[in-house]
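Dropping start_36.cif in here (mmCIF, C-alpha atoms):
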data_start
#
loop_
_atom_site.label_atom_id
_atom_site.label_comp_id
_atom_site.auth_asym_id
_atom_site.auth_seq_id
_atom_site.Cartn_x
_atom_site.Cartn_y
_atom_site.Cartn_z
CA MET A 1 33.45 189.46 -7.28
CA GLU A 2 33.65 185.93 -8.53
CA ALA A 3 36.71 185.13 -6.45
CA THR A 4 35.13 186.12 -3.16
CA GLN A 5 31.82 184.45 -3.90
CA VAL A 6 32.83 180.98 -5.01
CA THR A 7 36.14 180.79 -3.13
CA PRO A 8 35.74 181.48 0.59
CA GLN A 9 38.39 183.64 2.22
CA SER A 10 40.97 181.29 3.61
CA THR A 11 44.51 181.33 4.92
CA ALA A 12 45.18 177.76 3.87
CA PRO A 13 48.49 177.38 2.01
CA GLU A 14 46.81 175.73 -0.99
CA GLN A 15 44.26 178.53 -1.37
CA SER A 16 46.99 181.12 -1.06
CA ARG A 17 49.04 179.40 -3.76
CA LEU A 18 46.12 179.17 -6.16
CA ALA A 19 45.22 182.81 -5.65
CA THR A 20 48.53 183.99 -7.07
CA GLY A 21 48.75 181.71 -10.09
CA PRO A 22 52.06 180.27 -11.37
CA SER A 23 55.22 181.59 -9.71
CA ARG A 24 57.59 184.01 -11.43
CA GLY A 25 60.21 181.30 -11.69
CA THR A 26 57.78 178.92 -13.37
CA MET A 27 56.66 181.61 -15.78
CA LEU A 28 60.25 182.49 -16.70
CA VAL A 29 61.10 178.87 -17.46
CA LEU A 30 57.92 178.40 -19.52
CA ASN A 31 58.47 181.61 -21.48
CA ILE A 32 62.05 180.70 -22.37
CA LEU A 33 61.14 177.11 -23.21
CA ALA A 34 58.23 178.17 -25.44
CA LEU A 35 60.35 180.76 -27.27
CA ALA A 36 63.18 178.28 -27.85
CA ALA A 37 60.80 175.53 -29.01
CA MET A 38 59.04 177.82 -31.49
CA LEU A 39 62.32 179.13 -32.92
CA VAL A 40 63.59 175.58 -33.44
CA ALA A 41 60.24 174.54 -34.94
CA ALA A 42 60.33 177.47 -37.38
CA TYR A 43 63.89 176.62 -38.40
CA MET A 44 63.03 172.96 -38.94
CA ALA A 45 59.88 173.76 -40.91
CA LEU A 46 61.27 176.51 -43.14
CA ILE A 47 64.93 175.55 -43.56
CA GLN A 48 65.91 172.09 -42.34
CA ALA A 49 62.99 170.05 -43.69
CA PRO A 50 63.49 169.10 -47.34
CA PRO A 51 60.94 170.24 -49.92
CA ALA A 52 58.04 167.92 -50.68
CA THR A 53 58.68 165.61 -53.62
CA ASN A 54 55.29 163.91 -53.93
CA ILE A 55 53.30 167.01 -54.90
CA ALA A 56 53.47 169.43 -57.84
CA PRO A 57 56.74 171.45 -57.75
CA GLU A 58 54.93 174.77 -58.16
CA ILE A 59 53.03 174.31 -54.88
CA ALA A 60 55.82 172.58 -52.93
CA PRO A 61 56.90 175.78 -51.09
CA ALA A 62 53.34 176.40 -49.86
CA GLN A 63 53.29 172.88 -48.42
CA ARG A 64 55.56 174.03 -45.59
CA ILE A 65 52.62 175.79 -43.98
CA ILE A 66 51.39 172.37 -42.91
CA TYR A 67 54.02 172.48 -40.13
CA PHE A 68 52.01 175.34 -38.59
CA HIS A 69 48.49 174.52 -39.79
CA VAL A 70 48.16 171.07 -38.23
CA PRO A 71 49.69 172.05 -34.84
CA SER A 72 47.35 175.07 -34.67
CA ALA A 73 44.32 172.85 -35.29
CA TRP A 74 45.60 170.27 -32.79
CA ILE A 75 46.12 172.86 -30.04
CA SER A 76 42.73 174.45 -30.64
CA MET A 77 41.08 171.11 -29.87
CA VAL A 78 43.31 170.56 -26.84
CA ALA A 79 42.41 174.03 -25.55
CA PHE A 80 38.67 173.44 -25.91
CA GLY A 81 39.15 170.07 -24.22
CA VAL A 82 40.71 171.83 -21.23
CA THR A 83 37.72 174.17 -21.16
CA PHE A 84 35.44 171.13 -21.16
CA PHE A 85 37.14 169.44 -18.19
CA ALA A 86 37.61 172.69 -16.28
CA SER A 87 33.91 173.45 -16.72
CA ILE A 88 32.99 170.07 -15.27
CA LEU A 89 35.32 170.67 -12.33
CA TYR A 90 33.81 174.10 -11.74
CA LEU A 91 30.27 172.68 -11.55
CA TRP A 92 31.52 169.99 -9.20
CA ARG A 93 33.77 172.07 -6.93
CA SER A 94 32.40 175.64 -7.35
CA ASN A 95 35.98 176.91 -7.23
CA VAL A 96 36.80 180.03 -9.24
CA LYS A 97 40.11 178.42 -10.18
CA TRP A 98 38.35 176.18 -12.68
CA ASP A 99 36.30 178.99 -14.17
CA ILE A 100 39.56 180.86 -14.80
CA TRP A 101 41.08 177.78 -16.43
CA ALA A 102 37.99 177.29 -18.60
CA ARG A 103 37.73 180.82 -19.92
CA SER A 104 41.52 181.23 -20.33
CA SER A 105 41.81 178.04 -22.37
CA ALA A 106 38.74 178.88 -24.48
CA GLU A 107 40.25 182.25 -25.35
CA ILE A 108 43.51 180.63 -26.46
CA GLY A 109 41.55 177.98 -28.35
CA ILE A 110 39.81 180.64 -30.42
CA VAL A 111 43.16 182.20 -31.36
CA PHE A 112 44.56 178.86 -32.53
CA THR A 113 41.33 178.06 -34.40
CA VAL A 114 41.61 181.28 -36.37
CA ALA A 115 45.31 180.52 -37.02
CA ALA A 116 44.40 177.07 -38.33
CA ILE A 117 41.67 178.43 -40.60
CA VAL A 118 43.88 181.19 -42.01
CA SER A 119 46.87 178.90 -42.58
CA GLY A 120 44.59 176.30 -44.16
CA SER A 121 43.26 178.90 -46.57
CA ILE A 122 46.79 179.91 -47.54
CA TRP A 123 47.50 176.28 -48.44
CA ALA A 124 44.14 175.77 -50.16
CA LYS A 125 44.66 178.55 -52.71
CA PRO A 126 47.68 177.05 -54.52
CA ALA A 127 46.68 173.42 -53.82
CA TRP A 128 42.95 173.53 -54.67
CA ASN A 129 42.66 176.91 -56.40
CA THR A 130 40.24 178.27 -53.80
CA TRP A 131 40.56 180.04 -50.47
CA TRP A 132 37.57 178.25 -48.98
CA THR A 133 35.20 175.39 -49.63
CA TRP A 134 32.36 174.10 -47.47
CA ASP A 135 34.10 170.81 -46.91
CA PRO A 136 32.66 168.82 -43.93
CA ARG A 137 35.83 169.41 -41.89
CA LEU A 138 35.85 173.14 -42.63
CA THR A 139 32.13 173.46 -41.93
CA THR A 140 32.24 171.69 -38.58
CA TYR A 141 35.42 173.54 -37.60
CA THR A 142 33.73 176.86 -38.34
CA ILE A 143 30.85 175.78 -36.11
CA VAL A 144 33.37 175.11 -33.32
CA LEU A 145 34.75 178.64 -33.71
CA LEU A 146 31.31 180.25 -33.64
CA LEU A 147 30.21 178.22 -30.62
CA PHE A 148 33.18 179.34 -28.55
CA ILE A 149 32.85 182.94 -29.67
CA ALA A 150 29.28 182.66 -28.37
CA TYR A 151 30.76 181.31 -25.11
CA PHE A 152 32.28 184.72 -24.45
CA MET A 153 29.17 186.53 -25.63
CA LEU A 154 27.25 184.56 -23.00
CA ARG A 155 29.75 185.50 -20.32
CA GLY A 156 29.49 189.15 -21.28
CA ALA A 157 25.69 189.09 -21.06
CA ILE A 158 25.56 187.95 -17.41
CA ASP A 159 26.57 190.38 -14.67
CA GLU A 160 26.34 188.22 -11.54
CA PRO A 161 29.71 186.42 -11.24
CA GLY A 162 28.52 183.13 -9.77
CA ARG A 163 25.66 182.73 -12.23
CA ARG A 164 27.93 183.76 -15.12
CA ALA A 165 30.47 181.09 -14.21
CA ARG A 166 27.80 178.37 -13.85
CA MET A 167 26.07 179.21 -17.12
CA ALA A 168 29.38 179.42 -18.96
CA ALA A 169 30.44 176.06 -17.54
CA VAL A 170 27.25 174.36 -18.74
CA TYR A 171 27.55 176.00 -22.16
CA GLY A 172 31.25 175.15 -22.42
CA ILE A 173 30.52 171.47 -21.81
CA PHE A 174 27.94 171.29 -24.57
CA ALA A 175 29.96 173.47 -26.97
CA PHE A 176 32.83 171.00 -26.71
CA LEU A 177 30.66 168.30 -28.30
CA SER A 178 31.37 170.01 -31.63
CA VAL A 179 35.09 169.21 -31.26
CA PRO A 180 34.88 165.39 -31.54
CA LEU A 181 32.36 165.93 -34.35
CA THR A 182 35.00 167.93 -36.22
CA PHE A 183 37.68 165.35 -35.48
CA MET A 184 35.55 162.51 -36.83
CA SER A 185 34.16 164.44 -39.82
CA ILE A 186 36.97 163.29 -42.13
CA ARG A 187 36.19 159.70 -41.19
CA TRP A 188 32.41 159.90 -41.54
CA TRP A 189 32.07 161.98 -44.72
CA ASN A 190 33.89 162.47 -48.01
CA THR A 191 36.33 165.31 -47.49
CA ILE A 192 39.41 166.86 -49.06
CA HIS A 193 41.27 166.48 -45.76
CA PRO A 194 43.30 163.28 -45.31
CA VAL A 195 43.05 161.20 -42.16
CA ILE A 196 46.37 162.04 -40.56
CA LEU A 197 46.60 158.93 -38.38
CA ASP A 198 46.04 156.58 -41.30
CA PRO A 199 49.22 154.94 -42.69
CA GLY A 200 48.56 156.23 -46.21
CA ALA A 201 47.93 159.85 -45.19
CA ASP A 202 51.18 161.83 -45.07
CA PHE A 203 50.05 165.38 -45.95
CA GLY A 204 52.80 165.42 -48.58
CA LEU A 205 55.46 164.54 -46.00
CA GLY A 206 58.42 162.74 -47.51
CA PRO A 207 61.64 161.38 -46.00
CA GLY A 208 63.20 163.77 -43.50
CA MET A 209 60.02 165.80 -43.07
CA THR A 210 58.29 163.84 -40.33
CA THR A 211 60.72 165.00 -37.65
CA ALA A 212 59.90 168.66 -38.33
CA PHE A 213 56.20 167.83 -38.35
CA VAL A 214 56.30 166.01 -35.01
CA PHE A 215 58.51 168.62 -33.37
CA GLY A 216 56.18 171.36 -34.59
CA ASN A 217 53.29 169.75 -32.74
CA ILE A 218 55.41 169.44 -29.59
CA ALA A 219 56.51 173.08 -29.85
CA PHE A 220 52.94 174.30 -30.25
CA THR A 221 51.91 172.24 -27.23
CA ILE A 222 54.62 173.91 -25.16
CA LEU A 223 53.48 177.30 -26.49
CA TYR A 224 49.90 176.53 -25.45
CA ILE A 225 50.98 175.59 -21.92
CA ASP A 226 52.97 178.82 -21.69
CA LEU A 227 50.11 180.98 -22.98
CA LEU A 228 47.65 179.27 -20.64
CA ALA A 229 49.91 179.82 -17.63
CA ASN A 230 50.33 183.51 -18.51
CA ARG A 231 46.60 183.96 -19.07
CA ILE A 232 45.72 182.25 -15.79
CA LYS A 233 48.20 184.40 -13.89
CA LEU A 234 46.72 187.53 -15.45
CA ASP A 235 43.18 186.46 -14.56
CA TRP A 236 44.16 185.74 -10.95
CA ALA A 237 45.69 189.20 -10.70
CA SER A 238 42.46 190.68 -12.08
CA GLU A 239 40.37 188.70 -9.59
CA ARG A 240 42.48 189.91 -6.66
CA VAL A 241 42.34 193.55 -7.80
CA GLU A 242 38.55 193.41 -8.13
CA ALA A 243 38.19 191.74 -4.73
CA LEU A 244 40.32 194.44 -3.10
CA ARG A 245 38.35 197.16 -4.88
CA GLU A 246 35.06 195.77 -3.59
CA ARG A 247 36.40 195.63 -0.02
CA LEU A 248 37.50 199.26 -0.24
CA LEU A 249 34.10 200.32 -1.59
#
Show me the file's structure as structure tokens.
Amino acid sequence: MEATQVTPQSTAPEQSRLATGPSRGTMLVLNILALAAMLVAAYMALIQAPPATNIAPEIAPAQRIIYFHVPSAWISMVAFGVTFFASILYLWRSNVKWDIWARSSAEIGIVFTVAAIVSGSIWAKPAWNTWWTWDPRLTTYTIVLLLFIAYFMLRGAIDEPGRRARMAAVYGIFAFLSVPLTFMSIRWWNTIHPVILDPGADFGLGPGMTTAFVFGNIAFTILYIDLLANRIKLDWASERVEALRERLL
């Protein structure tokens, strides 16, 4: 298995710690923190934040989805960034730990990308009278999704663990290049998406709404960390089971 090939058997404390993933105590704290943060974020987005006043009243309720749409898009890019750096570390260190980080984060990134696309479509229908348009941001973001779906197709096509991890790492590095392209697309081309970091771009956020928006991004970041920790722990358990199975056989 991958774990026995790229990570030599060792009794070193560090290797032993890595082989079990996050501790139960750490996981419990992260799970509770993520749940609490998401509940507060949902309350702030749906109840506490005032309705938008600088957009048409008939679409003001749909504007609240922005509190979930933007954080989902943000976390998808963070997740693919983690895959990028973990892939580099795997090629450098040949440690299965980084392959686990890379594939776990890529998997979560795909989930958040789909969430961002779906939530964006829900907003687009009342705001622009269409579920989808081949806007530069939407087009490049779709390319990001397809590239990282292909990342897992590549992994599934290679049987030998070491070669699979190396090929996936190289592919993951190059696939990530589509992420900064997507980020910059609204600055390079005419697009219906506003530039969030520009002073004049508020996504319809009025007084009292920014706090919910910022907290939503923080809550989604905490959720990502929690999901990543859980996924890594699950993958380490899988690696250990497969290693034990091979020894028995």
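Using all atoms listed in the file, the shortest contact distance between A:Asn230 and any of A:Pro71, A:Pro50, A:Gly156, A:Pro22 is found at A:Pro22.
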Give me the residues within 8 Å of stretch 107-117 of chain A as a PDB file with C-alpha atoms, in the frame of the given file, counting only C-alpha atoms and dropping any in the same chain fewer than 5 places off.
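For reference, result16.pdb as written:
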ATOM      1  CA  PHE A  68      52.010 175.340 -38.590  1.00  0.00           C
ATOM      2  CA  HIS A  69      48.490 174.520 -39.790  1.00  0.00           C
ATOM      3  CA  VAL A  70      48.160 171.070 -38.230  1.00  0.00           C
ATOM      4  CA  SER A  72      47.350 175.070 -34.670  1.00  0.00           C
ATOM      5  CA  ALA A  73      44.320 172.850 -35.290  1.00  0.00           C
ATOM      6  CA  ILE A  75      46.120 172.860 -30.040  1.00  0.00           C
ATOM      7  CA  SER A  76      42.730 174.450 -30.640  1.00  0.00           C
ATOM      8  CA  MET A  77      41.080 171.110 -29.870  1.00  0.00           C
ATOM      9  CA  VAL A  78      43.310 170.560 -26.840  1.00  0.00           C
ATOM     10  CA  ALA A  79      42.410 174.030 -25.550  1.00  0.00           C
ATOM     11  CA  PHE A  80      38.670 173.440 -25.910  1.00  0.00           C
ATOM     12  CA  LEU A 145      34.750 178.640 -33.710  1.00  0.00           C
ATOM     13  CA  PHE A 148      33.180 179.340 -28.550  1.00  0.00           C
ATOM     14  CA  ILE A 149      32.850 182.940 -29.670  1.00  0.00           C
ATOM     15  CA  TYR A 224      49.900 176.530 -25.450  1.00  0.00           C
ATOM     16  CA  LEU A 227      50.110 180.980 -22.980  1.00  0.00           C
ATOM     17  CA  LEU A 228      47.650 179.270 -20.640  1.00  0.00           C
TER      18      LEU A 228
END
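A straight line drawn from atom CA of A:Thr221 to atom CA of A:Leu33 is 11.2 Å long.
Of note, atom CA of A:Gly216 and atom CA of A:Val29 are spaced 19.3 Å apart.
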Check your understanding: Any chance you could work out the residue set of the PyMOL selection byres ((chain A and resi 234) around 12) here, as a ChimeraX atom specification?
Key -> /A:19-23,27,100-101,104,227-233,235-241
Practice item. Let me know the residues the PyMOL selection byres ((chain A and resi 82-92) around 8) catches in the file above, as a VMD selection string. Key: chain A and resid 78 to 81 93 to 99 101 to 103 105 to 106 166 168 to 170 172 to 173 176
What would the file look like if the residues just selected were written as a PDB file, in the frame of the given file with C-alpha atoms?
ATOM      1  CA  VAL A  78      43.310 170.560 -26.840  1.00  0.00           C
ATOM      2  CA  ALA A  79      42.410 174.030 -25.550  1.00  0.00           C
ATOM      3  CA  PHE A  80      38.670 173.440 -25.910  1.00  0.00           C
ATOM      4  CA  GLY A  81      39.150 170.070 -24.220  1.00  0.00           C
ATOM      5  CA  ARG A  93      33.770 172.070  -6.930  1.00  0.00           C
ATOM      6  CA  SER A  94      32.400 175.640  -7.350  1.00  0.00           C
ATOM      7  CA  ASN A  95      35.980 176.910  -7.230  1.00  0.00           C
ATOM      8  CA  VAL A  96      36.800 180.030  -9.240  1.00  0.00           C
ATOM      9  CA  LYS A  97      40.110 178.420 -10.180  1.00  0.00           C
ATOM     10  CA  TRP A  98      38.350 176.180 -12.680  1.00  0.00           C
ATOM     11  CA  ASP A  99      36.300 178.990 -14.170  1.00  0.00           C
ATOM     12  CA  TRP A 101      41.080 177.780 -16.430  1.00  0.00           C
ATOM     13  CA  ALA A 102      37.990 177.290 -18.600  1.00  0.00           C
ATOM     14  CA  ARG A 103      37.730 180.820 -19.920  1.00  0.00           C
ATOM     15  CA  SER A 105      41.810 178.040 -22.370  1.00  0.00           C
ATOM     16  CA  ALA A 106      38.740 178.880 -24.480  1.00  0.00           C
ATOM     17  CA  ARG A 166      27.800 178.370 -13.850  1.00  0.00           C
ATOM     18  CA  ALA A 168      29.380 179.420 -18.960  1.00  0.00           C
ATOM     19  CA  ALA A 169      30.440 176.060 -17.540  1.00  0.00           C
ATOM     20  CA  VAL A 170      27.250 174.360 -18.740  1.00  0.00           C
ATOM     21  CA  GLY A 172      31.250 175.150 -22.420  1.00  0.00           C
ATOM     22  CA  ILE A 173      30.520 171.470 -21.810  1.00  0.00           C
ATOM     23  CA  PHE A 176      32.830 171.000 -26.710  1.00  0.00           C
TER      24      PHE A 176
END
Starting from the PyMOL selection byres ((chain A and resi 127) around 9), expand the selection into actual residues of this file and give them as a PDB file with C-alpha atoms, in the coordinates of the input.
ATOM      1  CA  ALA A  56      53.470 169.430 -57.840  1.00  0.00           C
ATOM      2  CA  ILE A  59      53.030 174.310 -54.880  1.00  0.00           C
ATOM      3  CA  ALA A  62      53.340 176.400 -49.860  1.00  0.00           C
ATOM      4  CA  GLN A  63      53.290 172.880 -48.420  1.00  0.00           C
ATOM      5  CA  TRP A 123      47.500 176.280 -48.440  1.00  0.00           C
ATOM      6  CA  ALA A 124      44.140 175.770 -50.160  1.00  0.00           C
ATOM      7  CA  LYS A 125      44.660 178.550 -52.710  1.00  0.00           C
ATOM      8  CA  PRO A 126      47.680 177.050 -54.520  1.00  0.00           C
ATOM      9  CA  TRP A 128      42.950 173.530 -54.670  1.00  0.00           C
ATOM     10  CA  ASN A 129      42.660 176.910 -56.400  1.00  0.00           C
ATOM     11  CA  THR A 130      40.240 178.270 -53.800  1.00  0.00           C
TER      12      THR A 130
END
Review point. Mind pulling up the distance from atom CA of A:Tyr67 to atom CA of A:Asn217?
Key: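 It comes out at 7.9 Å.
The residue set within 9 Å of A:Ala212, counting only C-alpha atoms and dropping same-chain residues fewer than 2 places from it, reads Ala41, Ala42, Tyr43, Met44, Ala45, Gln48, Ala49, Tyr67, Gly208, Met209, Thr210, Val214, Phe215, Gly216 and Asn217 of chain A.
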Check your understanding: Which residue out of A:Arg155, A:Leu181, A:Phe174, A:Arg163 has the minimum interatomic distance to A:Thr140 when only C-alpha atoms are used?
Key -> A:Leu181
Review point. Looking at A:Thr211, A:Gly162, A:Leu28, A:Val179, which one is nearest to A:Trp74, with distances taken over all atoms listed in the file?
Key: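 Result for the nearest residue to A:Trp74: A:Val179.
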Study note, to complete from the structure: Among A:Ala37, A:Leu244, A:Thr182, A:Ile218, A:Asp135 is approached most closely, using all atoms listed in the file, by A:Thr182
